[in-house]
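Peer 1: Input start03.cif, format and content: mmCIF, C-alpha atoms.
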data_protein
#
loop_
_atom_site.label_atom_id
_atom_site.label_comp_id
_atom_site.auth_asym_id
_atom_site.auth_seq_id
_atom_site.Cartn_x
_atom_site.Cartn_y
_atom_site.Cartn_z
CA MET B 1 19.21 57.83 26.23
CA THR B 2 21.41 54.79 26.22
CA THR B 3 18.48 52.37 26.48
CA THR B 4 16.59 54.05 23.67
CA THR B 5 19.63 53.89 21.46
CA THR B 6 20.19 50.24 22.29
CA THR B 7 16.56 49.34 21.59
CA GLU B 8 16.64 51.44 18.47
CA VAL B 9 19.84 49.78 17.37
CA ALA B 10 18.42 46.39 18.26
CA GLY B 11 15.24 47.16 16.32
CA GLU B 12 17.24 48.40 13.37
CA ALA B 13 19.48 45.34 13.58
CA ALA B 14 16.39 43.12 13.64
CA LYS B 15 15.08 44.90 10.59
CA ALA B 16 18.39 44.70 8.83
CA GLY B 17 19.12 41.22 10.22
CA MET B 18 16.43 38.70 10.95
CA PRO B 19 12.87 39.60 9.97
CA GLN B 20 11.93 36.59 12.11
CA LEU B 21 12.75 38.61 15.22
CA ASP B 22 10.79 41.67 14.14
CA PHE B 23 8.10 41.39 16.79
CA SER B 24 5.95 44.09 15.19
CA THR B 25 4.87 41.58 12.54
CA PHE B 26 3.98 38.84 15.03
CA PRO B 27 0.31 39.76 15.59
CA ASN B 28 -0.22 39.86 11.85
CA GLN B 29 1.37 36.46 11.26
CA ILE B 30 -0.38 34.81 14.19
CA PHE B 31 -3.76 36.24 13.16
CA TRP B 32 -3.48 35.02 9.59
CA LEU B 33 -2.06 31.68 10.73
CA LEU B 34 -5.10 31.10 12.95
CA VAL B 35 -7.45 32.12 10.12
CA THR B 36 -5.68 29.77 7.69
CA LEU B 37 -5.60 26.85 10.11
CA THR B 38 -9.30 27.31 10.86
CA VAL B 39 -10.14 27.35 7.15
CA ILE B 40 -8.01 24.27 6.45
CA TYR B 41 -9.44 22.46 9.49
CA LEU B 42 -13.01 23.19 8.40
CA VAL B 43 -12.39 22.15 4.80
CA LEU B 44 -10.68 18.95 5.91
CA SER B 45 -12.98 17.90 8.74
CA ARG B 46 -16.27 18.88 7.09
CA VAL B 47 -15.65 17.99 3.45
CA ALA B 48 -12.41 16.36 2.44
CA LEU B 49 -11.58 13.78 5.09
CA PRO B 50 -15.05 12.20 5.46
CA ARG B 51 -15.29 12.00 1.69
CA ILE B 52 -11.85 10.44 1.24
CA GLY B 53 -12.43 8.08 4.17
CA GLY B 54 -15.79 7.09 2.68
CA THR B 55 -14.22 6.48 -0.72
CA ILE B 56 -11.48 4.32 0.77
CA ALA B 57 -13.95 2.34 2.90
CA ASN B 58 -16.22 1.95 -0.10
CA ARG B 59 -13.35 0.68 -2.21
CA LYS B 60 -12.29 -1.72 0.52
CA GLY B 61 -15.88 -3.00 0.75
CA THR B 62 -16.11 -3.45 -3.00
CA ILE B 63 -12.82 -5.30 -3.12
CA THR B 64 -13.84 -7.55 -0.23
CA ALA B 65 -17.20 -8.28 -1.85
CA ASP B 66 -15.54 -9.01 -5.17
CA LEU B 67 -13.01 -11.29 -3.51
CA SER B 68 -15.70 -13.21 -1.64
CA ALA B 69 -17.76 -13.50 -4.84
CA ALA B 70 -14.67 -14.83 -6.62
CA GLU B 71 -14.10 -17.27 -3.76
CA GLU B 72 -17.73 -18.43 -4.03
CA LEU B 73 -17.42 -18.90 -7.78
CA LYS B 74 -14.22 -20.84 -7.25
CA GLN B 75 -15.98 -23.12 -4.77
CA LYS B 76 -18.77 -23.63 -7.31
CA ALA B 77 -16.26 -24.46 -10.01
CA VAL B 78 -14.56 -26.96 -7.71
CA ALA B 79 -17.93 -28.54 -6.88
CA ALA B 80 -18.86 -28.69 -10.56
CA GLU B 81 -15.54 -30.33 -11.36
CA ALA B 82 -16.09 -32.90 -8.61
CA ALA B 83 -19.61 -33.60 -9.91
CA TYR B 84 -18.27 -33.96 -13.41
CA ASN B 85 -15.53 -36.33 -12.26
CA GLU B 86 -18.06 -38.39 -10.33
CA ALA B 87 -20.37 -38.58 -13.34
CA LEU B 88 -17.43 -39.60 -15.48
CA ALA B 89 -16.41 -42.32 -13.05
CA ASN B 90 -20.00 -43.56 -12.85
CA ALA B 91 -20.29 -43.68 -16.62
CA ARG B 92 -16.98 -45.52 -16.83
CA SER B 93 -17.99 -48.17 -14.32
CA GLU B 94 -21.41 -48.47 -15.99
CA ALA B 95 -19.73 -48.96 -19.33
CA ALA B 96 -17.37 -51.54 -17.84
CA LYS B 97 -20.35 -53.40 -16.39
CA ILE B 98 -22.17 -53.40 -19.72
CA ILE B 99 -19.06 -54.60 -21.49
CA ALA B 100 -18.60 -57.41 -18.96
CA ALA B 101 -22.26 -58.45 -19.30
CA ALA B 102 -22.02 -58.43 -23.08
CA LYS B 103 -18.82 -60.44 -22.93
CA ALA B 104 -20.45 -63.01 -20.63
CA ASP B 105 -23.49 -63.24 -22.93
CA ILE B 106 -21.32 -63.70 -25.96
CA GLN B 107 -19.21 -66.27 -24.12
CA ALA B 108 -22.33 -68.20 -23.12
CA ASP B 109 -23.75 -68.08 -26.64
CA LEU B 110 -20.41 -69.12 -28.01
CA ALA B 111 -20.13 -72.05 -25.62
CA LYS B 112 -23.68 -73.16 -26.38
CA ALA B 113 -23.18 -72.94 -30.12
CA GLY B 114 -19.83 -74.72 -29.80
CA ALA B 115 -21.35 -77.55 -27.79
CA LYS B 116 -24.20 -77.92 -30.29
CA ALA B 117 -21.79 -77.96 -33.16
CA ASP B 118 -19.61 -80.52 -31.37
CA ALA B 119 -22.61 -82.74 -30.77
CA GLU B 120 -23.69 -82.48 -34.38
CA ILE B 121 -20.19 -83.16 -35.58
CA ALA B 122 -19.93 -86.18 -33.27
CA ALA B 123 -23.26 -87.54 -34.53
CA LYS B 124 -22.26 -87.04 -38.11
CA ALA B 125 -18.89 -88.65 -37.51
CA ALA B 126 -20.51 -91.69 -35.86
CA GLU B 127 -22.92 -92.06 -38.76
CA SER B 128 -20.10 -91.71 -41.22
CA SER B 129 -17.95 -94.34 -39.52
CA LYS B 130 -20.94 -96.68 -39.41
CA ARG B 131 -21.45 -96.25 -43.12
CA ILE B 132 -17.75 -96.77 -43.75
CA ASP B 133 -17.93 -100.01 -41.78
CA GLU B 134 -20.95 -101.14 -43.83
CA ILE B 135 -19.14 -100.25 -47.01
CA LYS B 136 -16.08 -102.13 -45.74
CA GLN B 137 -18.23 -105.11 -44.84
CA GLY B 138 -19.85 -104.96 -48.23
CA ALA B 139 -16.48 -104.77 -49.89
CA VAL B 140 -15.13 -107.75 -47.93
CA ALA B 141 -18.18 -109.82 -48.91
CA ALA B 142 -17.78 -108.76 -52.51
CA VAL B 143 -14.09 -109.67 -52.40
CA GLU B 144 -14.99 -113.17 -51.04
CA THR B 145 -17.58 -113.78 -53.76
CA VAL B 146 -15.23 -112.49 -56.44
CA ALA B 147 -12.42 -114.64 -55.05
CA LYS B 148 -14.62 -117.78 -54.96
CA ASP B 149 -15.82 -117.14 -58.46
CA THR B 150 -12.31 -116.47 -59.70
CA ALA B 151 -10.99 -119.56 -57.90
CA ALA B 152 -13.74 -121.74 -59.36
CA GLU B 153 -13.06 -120.37 -62.81
CA LEU B 154 -9.31 -120.91 -62.37
CA VAL B 155 -9.81 -124.46 -61.20
CA GLY B 156 -12.17 -125.13 -64.11
CA ALA B 157 -9.71 -123.63 -66.57
CA LEU B 158 -6.90 -125.82 -65.23
CA GLY B 159 -9.02 -128.79 -65.96
CA GLY B 160 -9.96 -129.72 -62.50
CA LYS B 161 -13.27 -130.10 -61.09
CA ALA B 162 -13.72 -128.13 -58.04
CA ASP B 163 -16.07 -128.81 -55.27
CA ALA B 164 -17.80 -125.58 -54.34
CA ALA B 165 -17.46 -126.21 -50.60
CA ALA B 166 -13.76 -126.90 -50.85
CA ILE B 167 -13.19 -123.73 -52.81
CA SER B 168 -15.08 -121.54 -50.41
CA ALA B 169 -13.19 -123.07 -47.50
CA ALA B 170 -9.86 -122.44 -49.23
CA VAL B 171 -10.80 -118.87 -50.10
CA ALA B 172 -11.96 -118.19 -46.55
CA ALA B 173 -8.69 -119.64 -45.23
CA ARG B 174 -6.69 -117.43 -47.62
CA LEU B 175 -8.70 -114.30 -46.79
CA LYS B 176 -8.10 -114.86 -43.12
CA GLY B 177 -4.42 -115.46 -43.53
CA MET Q 1 25.62 51.15 12.22
CA THR Q 2 22.70 51.03 9.84
CA LYS Q 3 24.29 53.79 7.85
CA ARG Q 4 27.51 51.85 7.55
CA THR Q 5 25.70 48.75 6.30
CA THR Q 6 23.87 50.68 3.64
CA ASP Q 7 27.09 52.40 2.69
CA VAL Q 8 28.86 49.09 2.28
CA ALA Q 9 25.93 47.74 0.28
CA GLY Q 10 25.95 50.91 -1.82
CA GLU Q 11 29.66 50.55 -2.49
CA ALA Q 12 29.25 46.93 -3.42
CA HIS Q 13 26.45 47.92 -5.75
CA SER Q 14 28.47 50.57 -7.47
CA GLU Q 15 31.27 48.08 -8.06
CA GLY Q 16 28.72 45.66 -9.55
CA GLY Q 17 30.07 43.11 -7.09
CA LEU Q 18 28.58 41.14 -4.27
CA VAL Q 19 25.22 42.05 -2.78
CA PHE Q 20 24.01 39.80 0.00
CA HIS Q 21 20.47 40.16 1.24
CA PRO Q 22 19.80 36.54 2.21
CA LEU Q 23 17.19 37.51 4.80
CA ASP Q 24 15.16 39.93 2.71
CA GLN Q 25 13.01 37.07 1.51
CA PHE Q 26 11.63 36.65 5.03
CA LYS Q 27 10.40 40.24 5.34
CA VAL Q 28 6.74 40.65 6.13
CA THR Q 29 5.39 43.45 3.95
CA PRO Q 30 1.87 44.70 3.23
CA LEU Q 31 0.51 43.42 -0.06
CA PHE Q 32 -1.22 46.71 -0.91
CA GLY Q 33 0.29 50.09 -0.15
CA ASP Q 34 3.20 50.73 2.12
CA GLY Q 35 1.63 51.29 5.52
CA PRO Q 36 2.51 49.71 8.87
CA VAL Q 37 1.90 46.00 9.44
CA GLU Q 38 -1.15 45.88 11.72
CA TRP Q 39 -2.59 42.56 12.91
CA TYR Q 40 -5.31 42.71 10.24
CA THR Q 41 -3.14 44.01 7.37
CA ILE Q 42 -3.19 41.83 4.28
CA THR Q 43 0.46 40.95 3.85
CA ASN Q 44 2.55 38.46 1.91
CA VAL Q 45 1.94 36.15 4.91
CA THR Q 46 -1.78 36.30 4.12
CA LEU Q 47 -1.15 35.61 0.44
CA TRP Q 48 1.05 32.54 0.89
CA MET Q 49 -1.04 31.08 3.70
CA ALA Q 50 -4.14 31.57 1.55
CA LEU Q 51 -2.36 29.83 -1.33
CA ALA Q 52 -1.53 26.93 0.99
CA ALA Q 53 -5.19 26.70 2.03
CA LEU Q 54 -6.21 26.90 -1.63
CA VAL Q 55 -3.86 24.10 -2.69
CA ILE Q 56 -5.09 21.90 0.16
CA THR Q 57 -8.72 22.61 -0.79
CA LEU Q 58 -7.99 21.84 -4.43
CA VAL Q 59 -6.23 18.56 -3.77
CA PHE Q 60 -8.33 17.26 -0.91
CA ALA Q 61 -11.81 18.71 -1.38
CA VAL Q 62 -12.02 19.19 -5.14
CA GLY Q 63 -9.74 16.28 -6.02
CA SER Q 64 -11.79 13.82 -3.98
CA ARG Q 65 -15.09 14.96 -5.53
CA GLY Q 66 -15.21 12.05 -7.97
CA ARG Q 67 -15.26 9.43 -5.18
CA ALA Q 68 -14.08 7.11 -7.95
CA LEU Q 69 -13.49 3.46 -7.17
CA VAL Q 70 -10.47 3.66 -9.44
CA PRO Q 71 -9.06 7.05 -8.34
CA SER Q 72 -7.90 9.83 -10.62
CA ARG Q 73 -4.39 11.17 -10.11
CA LEU Q 74 -5.39 14.05 -7.85
CA GLN Q 75 -7.73 11.81 -5.90
CA SER Q 76 -5.02 9.22 -5.30
CA VAL Q 77 -2.66 11.96 -4.06
CA GLY Q 78 -5.28 12.89 -1.47
CA GLU Q 79 -5.89 9.29 -0.56
CA MET Q 80 -2.17 8.58 -0.19
CA ALA Q 81 -1.73 11.52 2.19
CA TYR Q 82 -4.84 10.43 4.08
CA GLY Q 83 -3.56 6.88 4.46
CA PHE Q 84 -0.06 8.09 5.34
CA ILE Q 85 -1.15 10.27 8.27
CA HIS Q 86 -3.93 7.90 9.33
CA ASN Q 87 -1.47 5.01 9.61
CA MET Q 88 1.06 7.22 11.38
CA ILE Q 89 -1.45 8.16 14.07
CA GLU Q 90 -2.62 4.58 14.51
CA GLU Q 91 0.92 3.25 14.77
CA VAL Q 92 2.35 5.97 17.00
CA ALA Q 93 -0.54 7.22 19.13
CA GLY Q 94 -2.70 4.12 19.08
CA HIS Q 95 -6.24 3.55 17.94
CA ASP Q 96 -7.83 6.19 20.17
CA GLY Q 97 -5.55 8.82 18.61
CA VAL Q 98 -7.52 8.56 15.36
CA LYS Q 99 -10.10 10.90 16.92
CA TYR Q 100 -7.60 13.75 16.50
CA PHE Q 101 -6.89 12.84 12.87
CA PRO Q 102 -8.37 16.08 11.39
CA ILE Q 103 -6.25 18.29 13.66
CA ILE Q 104 -3.03 16.44 12.89
CA MET Q 105 -3.88 16.31 9.19
CA THR Q 106 -4.44 20.09 9.28
CA LEU Q 107 -1.01 20.64 10.83
CA PHE Q 108 0.74 18.28 8.43
CA LEU Q 109 -0.88 19.64 5.29
CA PHE Q 110 -0.41 23.28 6.31
CA ILE Q 111 3.30 22.81 7.01
CA LEU Q 112 3.82 20.62 3.94
CA SER Q 113 2.12 22.97 1.50
CA ALA Q 114 3.63 26.11 3.04
CA ASN Q 115 7.09 24.50 2.80
CA PHE Q 116 6.61 23.45 -0.81
CA LEU Q 117 5.05 26.75 -1.89
CA GLY Q 118 8.05 28.42 -0.25
CA LEU Q 119 10.31 26.59 -2.71
CA ILE Q 120 8.85 28.59 -5.59
CA PRO Q 121 11.39 31.30 -6.44
CA MET Q 122 10.45 34.78 -5.16
CA SER Q 123 7.87 33.28 -2.82
CA PHE Q 124 7.44 33.78 0.91
CA THR Q 125 7.62 30.90 3.39
CA PRO Q 126 5.38 31.35 6.46
CA THR Q 127 6.89 28.29 8.16
CA SER Q 128 10.33 29.95 8.19
CA HIS Q 129 9.00 32.36 10.81
CA ILE Q 130 9.31 31.59 14.46
CA ALA Q 131 6.00 33.38 15.07
CA VAL Q 132 4.22 30.77 12.96
CA SER Q 133 6.13 27.68 14.07
CA ALA Q 134 5.91 28.73 17.73
CA VAL Q 135 2.14 29.04 17.52
CA LEU Q 136 2.04 25.57 15.99
CA GLY Q 137 4.53 24.09 18.47
CA PHE Q 138 3.05 25.65 21.58
CA GLY Q 139 -0.44 24.99 20.30
CA VAL Q 140 0.36 21.29 20.12
CA PHE Q 141 2.04 21.47 23.54
CA PHE Q 142 -0.94 23.09 25.30
CA PHE Q 143 -3.46 20.93 23.48
CA VAL Q 144 -1.65 17.73 24.38
CA THR Q 145 -0.99 18.75 27.99
CA LEU Q 146 -4.59 19.81 28.62
CA LEU Q 147 -5.83 16.66 26.92
CA GLY Q 148 -3.60 14.53 29.16
CA LEU Q 149 -4.77 16.33 32.31
CA TYR Q 150 -8.40 16.09 31.20
CA LYS Q 151 -8.17 12.39 30.37
CA HIS Q 152 -6.07 11.18 33.28
CA GLY Q 153 -6.25 13.97 35.86
CA LEU Q 154 -3.28 13.95 38.18
CA HIS Q 155 -2.26 10.50 36.94
CA PHE Q 156 -0.93 12.33 33.92
CA LEU Q 157 1.84 13.70 36.14
CA GLY Q 158 2.86 10.08 36.81
CA MET Q 159 4.53 10.27 33.44
CA PHE Q 160 7.39 12.12 35.14
CA TRP Q 161 7.70 9.63 38.00
CA MET Q 162 9.58 6.58 36.75
CA SER Q 163 8.27 3.83 39.00
CA ASP Q 164 10.69 1.28 37.56
CA ALA Q 165 13.79 3.37 38.38
CA PRO Q 166 15.66 3.06 41.70
CA LEU Q 167 13.93 5.14 44.36
CA VAL Q 168 16.97 7.39 44.89
CA LEU Q 169 17.10 8.32 41.24
CA ARG Q 170 13.41 8.95 40.82
CA PRO Q 171 13.33 12.62 41.92
CA ILE Q 172 16.33 13.43 39.73
CA ILE Q 173 14.80 11.68 36.77
CA ALA Q 174 11.52 13.46 37.46
CA ILE Q 175 13.27 16.85 37.31
CA ILE Q 176 14.98 15.91 34.04
CA GLU Q 177 11.70 14.63 32.62
CA VAL Q 178 9.85 17.81 33.57
CA ILE Q 179 12.53 19.99 32.01
CA SER Q 180 12.58 17.92 28.84
CA TYR Q 181 8.80 18.05 28.72
CA PHE Q 182 8.78 21.85 28.80
CA VAL Q 183 11.62 22.08 26.28
CA ARG Q 184 9.56 20.04 23.80
CA PRO Q 185 7.52 22.92 22.31
CA VAL Q 186 10.64 25.07 21.97
CA SER Q 187 12.59 22.44 20.04
CA HIS Q 188 9.42 21.45 18.19
CA SER Q 189 8.94 24.94 16.78
CA ILE Q 190 12.55 26.09 16.39
CA ARG Q 191 13.39 22.89 14.48
CA LEU Q 192 10.82 23.72 11.82
CA ALA Q 193 11.52 27.44 11.43
CA GLY Q 194 15.28 26.98 11.74
CA ASN Q 195 15.53 24.30 9.07
CA ILE Q 196 13.38 26.13 6.58
CA MET Q 197 15.04 29.49 7.18
CA ALA Q 198 18.58 28.13 7.01
CA GLY Q 199 18.03 26.39 3.68
CA HIS Q 200 16.40 29.39 2.07
CA ALA Q 201 19.07 31.76 3.35
CA VAL Q 202 21.90 29.52 2.11
CA ILE Q 203 20.37 29.42 -1.37
CA LYS Q 204 20.22 33.22 -1.34
CA VAL Q 205 23.88 33.47 -0.27
CA PHE Q 206 24.95 31.22 -3.11
CA ALA Q 207 22.80 33.26 -5.47
CA GLY Q 208 24.73 36.37 -4.32
CA PHE Q 209 28.00 34.71 -5.36
CA ALA Q 210 26.60 34.17 -8.84
CA ALA Q 211 27.38 37.87 -9.54
CA ILE Q 212 31.05 36.92 -9.97
CA ALA Q 213 31.40 35.43 -13.43
CA ALA Q 214 34.16 33.00 -12.50
CA ILE Q 215 32.25 31.54 -9.57
CA SER Q 216 28.76 31.60 -11.07
CA PRO Q 217 28.81 28.05 -12.57
CA VAL Q 218 29.77 26.63 -9.19
CA SER Q 219 27.17 28.84 -7.57
CA VAL Q 220 24.42 27.65 -9.93
CA LEU Q 221 25.38 24.01 -9.32
CA ALA Q 222 25.39 24.58 -5.58
CA ILE Q 223 21.97 26.24 -5.72
CA THR Q 224 20.63 23.27 -7.70
CA ALA Q 225 22.04 20.80 -5.19
CA ILE Q 226 20.75 22.73 -2.17
CA TYR Q 227 17.38 23.14 -3.85
CA GLY Q 228 17.17 19.35 -4.16
CA LEU Q 229 18.07 19.05 -0.49
CA GLU Q 230 15.45 21.68 0.37
CA VAL Q 231 12.74 19.69 -1.41
CA LEU Q 232 13.66 16.81 0.88
CA VAL Q 233 13.78 19.09 3.94
CA ALA Q 234 10.37 20.57 3.08
CA PHE Q 235 8.81 17.12 3.32
CA ILE Q 236 10.93 15.82 6.19
CA GLN Q 237 10.22 18.82 8.43
CA ALA Q 238 6.48 18.45 7.87
CA TYR Q 239 6.83 14.73 8.57
CA VAL Q 240 8.95 15.24 11.70
CA PHE Q 241 6.60 17.88 13.09
CA THR Q 242 3.64 15.57 12.54
CA ILE Q 243 5.20 12.42 13.95
CA LEU Q 244 6.40 14.30 17.04
CA THR Q 245 2.87 15.61 17.48
CA CYS Q 246 1.70 11.99 17.35
CA VAL Q 247 4.31 11.00 19.93
CA TYR Q 248 3.19 13.80 22.27
CA LEU Q 249 -0.40 12.77 21.69
CA LYS Q 250 0.50 9.22 22.65
CA ASP Q 251 2.00 10.51 25.91
CA ALA Q 252 -1.24 12.36 26.62
CA LEU Q 253 -3.44 9.36 25.83
CA HIS Q 254 -1.26 6.68 27.43
CA PRO Q 255 0.99 8.41 29.98
CA GLY Q 256 2.05 5.10 31.52
CA HIS Q 257 4.41 4.46 28.55
#
Mind turning this structure into structure tokens?

Peer 2:
Amino acid sequence: MTTTTTTEVAGEAAKAGMPQLDFSTFPNQIFWLLVTLTVIYLVLSRVALPRIGGTIANRKGTITADLSAAEELKQKAVAAEAAYNEALANARSEAAKIIAAAKADIQADLAKAGAKADAEIAAKAAESSKRIDEIKQGAVAAVETVAKDTAAELVGALGGKADAAAISAAVAARLKG
Amino acid sequence: MTKRTTDVAGEAHSEGGLVFHPLDQFKVTPLFGDGPVEWYTITNVTLWMALAALVITLVFAVGSRGRALVPSRLQSVGEMAYGFIHNMIEEVAGHDGVKYFPIIMTLFLFILSANFLGLIPMSFTPTSHIAVSAVLGFGVFFFVTLLGLYKHGLHFLGMFWMSDAPLVLRPIIAIIEVISYFVRPVSHSIRLAGNIMAGHAVIKVFAGFAAIAAISPVSVLAITAIYGLEVLVAFIQAYVFTILTCVYLKDALHPGH
């Protein structure tokens, strides 16, 4: 009697108190829990997880491939830049060589032409000075003749009679002095 | 005693005052009709567990259908959860724990979605029941123990024998270790059910106070605050259950610490 009342009271208390301790519902909850877990496990392990894992791996692969492709392209760009720089340097040195050669050529031509011109100038100058000397000589001779003539005329006009030899000697002496 | 309770409730009702039924929300009732709850009866437990399974299927099976390189929102939710648990297992249980990834993911997602669905007003929370959490907790316990014995044979018992402790202390430590090992499933399951139940019951108690006009603003604020806390608890309890499962799995796979 007492035990039945206590269990009854306990059962009633469980019903009024904590439904968690109402053991009559346990088989139901456990059964449906196992069904649910099985369903979730099957959905996850058969469909969802392999698919998601595949997608993530696929994405990782794509990213890695893209990164390596980018790295390759970068290497190519660096190589192209180096080639370009080399070509530029080559062209520069080539140009410098050509300029130097042209300069040397011009210098040589210039020197040759200068030397030729100098020689011509020197020849002309020598000729000119020779002619000047001749003209000078001519002029001195003319001055002597004129002076002798003038002296003879002067002597004649003064009433003297001049010996031609004496006059020319006097003129020569004067011209020297 | 029952009569007195109903009388008190009846009196309270007639006064239009306080009515507290904070535990009514945990009642297991048949969905159709009013018969007894047999093991096969379709109850509110069935409904909310089925909804949890449905949500998981939607997010993880349907959401991942696109296999898009740039994921859609639903797909990235699935992928985040996948990465979260996958990393957790690898970090805690080691690389050979990844084999049990689907089982652990099943536990995590079931607890997480049941907890969050339980936060919908008027809903039922299967994880607030000790029957459910004990099956989960003891299931993990037996699985992990059998796995350890299968993998390492009697060496698995070496886990309890601290070879780096002084010889005198070793038997004492072994006894403590054995006790703590067998307490694990109890704390593992009661922690989950207790946390979820307590939060839900407290919200209901505050809701009961809302019947008094003067207190109702405070009551509504308190419900809001506790609801926020419960959202956190719903995630944290799923997380804690899962990470402890990983720790136990690690002990089974590598009993030598």

Peer 1: I'd like to know which of Q:Ala61, Q:Val45, Q:Leu18, Q:Val178 is closest to B:Val47, using only C-alpha atoms.

Peer 2: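 Distance minimum relative to B:Val47 lands on Q:Ala61.
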
Peer 1: Once you count all atoms listed in the file, what closest atom pair and distance in Å to one decimal does each residue of chain Q within 6 Å of chain B have, with rows by chain and rising residue number, as CSV?

Peer 2:
residue,atom,partner,partner_atom,distance
Q:Phe26,CA,B:Pro19,CA,5.9
Q:Lys27,CA,B:Pro19,CA,5.3
Q:Trp39,CA,B:Asn28,CA,3.7
Q:Thr46,CA,B:Trp32,CA,5.9
Q:Ala53,CA,B:Ile40,CA,5.8
Q:Phe60,CA,B:Ala48,CA,5.4
Q:Ala61,CA,B:Ala48,CA,4.5
Q:Arg67,CA,B:Thr55,CA,5.4
Q:Leu69,CA,B:Arg59,CA,5.7
Q:Pro102,CA,B:Ser45,CA,5.6
Q:Thr106,CA,B:Tyr41,CA,5.5
Q:His129,CA,B:Gln20,CA,5.3
Q:Ala131,CA,B:Phe26,CA,5.8

Peer 1: Pull C-alpha atoms from the residues just selected and write them as a PDB file, in the frame of the given file.

Peer 2:
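See result.pdb below for the written result:
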ATOM      1  CA  PHE Q  26      11.630  36.650   5.030  1.00  0.00           C
ATOM      2  CA  LYS Q  27      10.400  40.240   5.340  1.00  0.00           C
ATOM      3  CA  TRP Q  39      -2.590  42.560  12.910  1.00  0.00           C
ATOM      4  CA  THR Q  46      -1.780  36.300   4.120  1.00  0.00           C
ATOM      5  CA  ALA Q  53      -5.190  26.700   2.030  1.00  0.00           C
ATOM      6  CA  PHE Q  60      -8.330  17.260  -0.910  1.00  0.00           C
ATOM      7  CA  ALA Q  61     -11.810  18.710  -1.380  1.00  0.00           C
ATOM      8  CA  ARG Q  67     -15.260   9.430  -5.180  1.00  0.00           C
ATOM      9  CA  LEU Q  69     -13.490   3.460  -7.170  1.00  0.00           C
ATOM     10  CA  PRO Q 102      -8.370  16.080  11.390  1.00  0.00           C
ATOM     11  CA  THR Q 106      -4.440  20.090   9.280  1.00  0.00           C
ATOM     12  CA  HIS Q 129       9.000  32.360  10.810  1.00  0.00           C
ATOM     13  CA  ALA Q 131       6.000  33.380  15.070  1.00  0.00           C
TER      14      ALA Q 131
END

Peer 1: Expanded to explicit residues, what is the PyMOL selection byres ((chain Q and resi 202-214) around 7) for this file, as a list in words?

Peer 2: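 On the file shown, the PyMOL selection byres ((chain Q and resi 202-214) around 7) covers Gly17, Leu18, Val19, Phe20, Pro22, Ala198, Gly199, His200, Ala201, Ile215, Ser216, Ser219, Val220, Ile223 and Ile226 of chain Q.
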
Peer 1: For the selection just defined, write its residues with C-alpha atoms to a file, as a PDB file, keeping the file's coordinate frame.

Peer 2:
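To be explicit, this is the file written out as again27.pdb:
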ATOM      1  CA  GLY Q  17      30.070  43.110  -7.090  1.00  0.00           C
ATOM      2  CA  LEU Q  18      28.580  41.140  -4.270  1.00  0.00           C
ATOM      3  CA  VAL Q  19      25.220  42.050  -2.780  1.00  0.00           C
ATOM      4  CA  PHE Q  20      24.010  39.800   0.000  1.00  0.00           C
ATOM      5  CA  PRO Q  22      19.800  36.540   2.210  1.00  0.00           C
ATOM      6  CA  ALA Q 198      18.580  28.130   7.010  1.00  0.00           C
ATOM      7  CA  GLY Q 199      18.030  26.390   3.680  1.00  0.00           C
ATOM      8  CA  HIS Q 200      16.400  29.390   2.070  1.00  0.00           C
ATOM      9  CA  ALA Q 201      19.070  31.760   3.350  1.00  0.00           C
ATOM     10  CA  ILE Q 215      32.250  31.540  -9.570  1.00  0.00           C
ATOM     11  CA  SER Q 216      28.760  31.600 -11.070  1.00  0.00           C
ATOM     12  CA  SER Q 219      27.170  28.840  -7.570  1.00  0.00           C
ATOM     13  CA  VAL Q 220      24.420  27.650  -9.930  1.00  0.00           C
ATOM     14  CA  ILE Q 223      21.970  26.240  -5.720  1.00  0.00           C
ATOM     15  CA  ILE Q 226      20.750  22.730  -2.170  1.00  0.00           C
TER      16      ILE Q 226
END

Peer 1: Record the distance separating atom CA of Q:Gly148 and atom CA of Q:Phe241, expressed in Å with one decimal.

Peer 2: 19.3 Å

Peer 1: Can you work out the spacing between atom CA of Q:His152 and atom CA of Q:Arg191 in Å, to one decimal?

Peer 2: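 Straight-line distance from atom CA of Q:His152 to atom CA of Q:Arg191 works out to 29.5 Å.
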
Peer 1: Just to confirm, what's the straight-line distance from atom CA of Q:Ser64 to atom CA of B:Gly61 in Å (one decimal)?

Peer 2: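 Taking atom CA of Q:Ser64 and atom CA of B:Gly61, their separation equals 17.9 Å.
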
Peer 1: Apply the PyMOL selection byres ((chain Q and resi 248) around 10) to the displayed file and report the matching residues as a list of chain:residue names.

Peer 2: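 Here the PyMOL selection byres ((chain Q and resi 248) around 10) matches Q:Val92, Q:Ala93, Q:Val140, Q:Phe141, Q:Phe143, Q:Val144, Q:Thr145, Q:Gly148, Q:Tyr181, Q:Arg184, Q:Thr242, Q:Ile243, Q:Leu244, Q:Thr245, Q:Cys246, Q:Val247, Q:Leu249, Q:Lys250, Q:Asp251, Q:Ala252, Q:Leu253, Q:His254, Q:Pro255.
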
Peer 1: Give me the residues near B:Ala166 as a VMD selection string, where near means some atom within 12 Å (using only C-alpha atoms) and where sequence neighbours in that chain fewer than 3 positions away do not count.

Peer 2: chain B and resid 148 151 to 152 155 161 to 163 169 to 173

Peer 1: Go ahead and save the picked residues with C-alpha atoms, as a compact mmCIF listing (two decimals), keeping the file's coordinate frame.

Peer 2:
# COMPACT_ATOMS: atom_id res chain seq x y z
CA LYS B 148 -14.62 -117.78 -54.96
CA ALA B 151 -10.99 -119.56 -57.90
CA ALA B 152 -13.74 -121.74 -59.36
CA VAL B 155 -9.81 -124.46 -61.20
CA LYS B 161 -13.27 -130.10 -61.09
CA ALA B 162 -13.72 -128.13 -58.04
CA ASP B 163 -16.07 -128.81 -55.27
CA ALA B 169 -13.19 -123.07 -47.50
CA ALA B 170 -9.86 -122.44 -49.23
CA VAL B 171 -10.80 -118.87 -50.10
CA ALA B 172 -11.96 -118.19 -46.55
CA ALA B 173 -8.69 -119.64 -45.23
